[in-house]
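What follows is a single structure, written as structure tokens, with notes after it.
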Amino acid sequence: MKNALITFVKKPILGKTKTRLAATIGDEKALEVYIKLLEHTKKVASLTPADLHVFYAFDIVEDDMWNEDAKHLQVEGELDVKIKAAFSKIFEMGYEKVVIIGSDCAELNDEILEQAFYGLDDHDFVIGPALDGGYYLLGMKSYAPDVFDDIAWSTETVFRSTLDRIGERSCATLPVLSDIDYEEDLKRAPWLLED
């Protein structure tokens, strides 16, 4: 079974990343947190039996922490358009199970990613709900762009709306984890603030 893991990233630039977090802890600390989150995402992905594909916002960065052979540029448009295009591209490359994760979940680990791919053995989809009502992971074993339609992104209804879109198709659910978007989220991952 050919597995692929997608993550979306931004170039770590002072004042341009984790802006909601930066509003209370400052741009420099927010940038440090984001870089640690990227490093954590890379480490977890490297322990998972899947090929990692990194999709950059705006421009691809050369000579950074990610594998040069698996870098892609996100298409322009809203989040649903970007995610659909990423899934479509990776399925077209011949992968049979494709999972997307964000790069801001400090609680994500390799066991959960393995659960996600195993979940796709018996289910059409797998989803990892986030504490804020969104999700930190979504996987599928055939391209189903309709699950991203009519979703009010960045709201507390994303997870529930996505389940509604999945409908009668089978879906495995993973443990609830927290994304790092606001200062209070750091209480669940204090190591992000350590020097």
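Ordering of the structure tokens sets the chain letters (A, B, ...), residue numbers begin anew at 1 in every chain, and ligands are numbered from 1 in the order given.
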
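Residues surrounding A:Pro12 within 10 Å are Val9, Gly15, Lys16, Thr17, Lys18, Ala30, Leu31, Glu32, Tyr34, Ile35, Leu38 and Val61 of chain A [only C-alpha atoms; sequence separation below 3 positions excluded].
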
* Could you write out, as a PyMOL selection string, all the residues of stretch 40-152 of chain A that DSSP marks as strand (DSSP E or B)? -> chain A and resi 51-56+71-73+97-101+125-130+135-140

Write out as JSON lines the residues of stretch 53-122 of chain A that have any atom within 9 Å of an atom of stretch 169-181 of chain A, one row each with the nearest atom pair and its distance in Å to one decimal, counting only C-alpha atoms, sorted by chain and then rising number.
{"residue": "A:Gly102", "atom": "CA", "partner": "A:Asp179", "partner_atom": "CA", "distance": 8.6}
{"residue": "A:Ser103", "atom": "CA", "partner": "A:Asp179", "partner_atom": "CA", "distance": 8.9}
{"residue": "A:Asp104", "atom": "CA", "partner": "A:Ile180", "partner_atom": "CA", "distance": 5.5}
{"residue": "A:Cys105", "atom": "CA", "partner": "A:Asp179", "partner_atom": "CA", "distance": 4.5}
{"residue": "A:Ala106", "atom": "CA", "partner": "A:Asp179", "partner_atom": "CA", "distance": 7.0}
{"residue": "A:Glu107", "atom": "CA", "partner": "A:Leu177", "partner_atom": "CA", "distance": 6.3}
{"residue": "A:Leu108", "atom": "CA", "partner": "A:Leu177", "partner_atom": "CA", "distance": 7.4}
{"residue": "A:Ile112", "atom": "CA", "partner": "A:Leu174", "partner_atom": "CA", "distance": 7.3}
{"residue": "A:Gln115", "atom": "CA", "partner": "A:Leu174", "partner_atom": "CA", "distance": 7.6}
{"residue": "A:Ala116", "atom": "CA", "partner": "A:Leu174", "partner_atom": "CA", "distance": 7.2}
{"residue": "A:Gly119", "atom": "CA", "partner": "A:Ala172", "partner_atom": "CA", "distance": 5.9}
{"residue": "A:Leu120", "atom": "CA", "partner": "A:Ala172", "partner_atom": "CA", "distance": 7.7}
{"residue": "A:Asp122", "atom": "CA", "partner": "A:Ser170", "partner_atom": "CA", "distance": 8.2}

Okay, now the selection with C-alpha atoms, as a CSV table (one decimal), in the first residue's frame?
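Generated file (out13.csv):
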chain,number,residue,atom,x,y,z
A,102,GLY,CA,-1.3,20.8,9.6
A,103,SER,CA,2.1,21.9,10.9
A,104,ASP,CA,0.7,23.3,14.2
A,105,CYS,CA,-0.2,20.3,16.3
A,106,ALA,CA,2.3,19.8,19.1
A,107,GLU,CA,0.5,16.7,20.4
A,108,LEU,CA,0.6,14.8,17.1
A,112,ILE,CA,-1.6,8.6,15.8
A,115,GLN,CA,-3.5,4.8,13.4
A,116,ALA,CA,-4.7,7.1,10.7
A,119,GLY,CA,-7.9,3.3,9.8
A,120,LEU,CA,-8.0,3.6,6.1
A,122,ASP,CA,-11.4,-0.5,6.8

Can you check which residues of stretch 94-139 of chain A DSSP gives as alpha helix (DSSP H) on the backbone and send them as a tab-separated table (two decimals) with N, CA and C atoms, in the first residue's frame?
chain	number	residue	atom	x	y	z
A	110	ASP	N	3.77	9.82	16.07
A	110	ASP	CA	3.82	8.81	15.03
A	110	ASP	C	2.78	7.72	15.24
A	111	GLU	N	2.43	7.42	16.50
A	111	GLU	CA	1.40	6.40	16.76
A	111	GLU	C	0.05	6.83	16.18
A	112	ILE	N	-0.28	8.11	16.35
A	112	ILE	CA	-1.56	8.60	15.82
A	112	ILE	C	-1.55	8.57	14.29
A	113	LEU	N	-0.41	8.92	13.69
A	113	LEU	CA	-0.33	8.85	12.23
A	113	LEU	C	-0.45	7.41	11.74
A	114	GLU	N	0.16	6.48	12.45
A	114	GLU	CA	0.01	5.08	12.07
A	114	GLU	C	-1.45	4.63	12.20
A	115	GLN	N	-2.11	5.07	13.29
A	115	GLN	CA	-3.54	4.78	13.44
A	115	GLN	C	-4.34	5.30	12.26
A	116	ALA	N	-3.96	6.49	11.78
A	116	ALA	CA	-4.68	7.09	10.65
A	116	ALA	C	-4.58	6.21	9.41
A	117	PHE	N	-3.37	5.77	9.09
A	117	PHE	CA	-3.23	4.93	7.89
A	117	PHE	C	-3.87	3.56	8.07
A	118	TYR	N	-3.77	2.97	9.27
A	118	TYR	CA	-4.46	1.71	9.53
A	118	TYR	C	-5.97	1.89	9.43
A	119	GLY	N	-6.46	3.04	9.90
A	119	GLY	CA	-7.89	3.31	9.84
A	119	GLY	C	-8.44	3.28	8.42
A	120	LEU	N	-7.58	3.63	7.47
A	120	LEU	CA	-8.01	3.63	6.07
A	120	LEU	C	-8.06	2.23	5.46
A	121	ASP	N	-7.59	1.21	6.20
A	121	ASP	CA	-7.75	-0.16	5.71
A	121	ASP	C	-9.24	-0.53	5.65
A	122	ASP	N	-9.99	-0.08	6.65
A	122	ASP	CA	-11.39	-0.49	6.79
A	122	ASP	C	-12.39	0.64	6.63

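Residues with any atom within 8 Å of A:Thr155, counting only C-alpha atoms and excluding same-chain neighbours fewer than 5 positions away, are A:Asp132, A:Gly133, A:Gly134.
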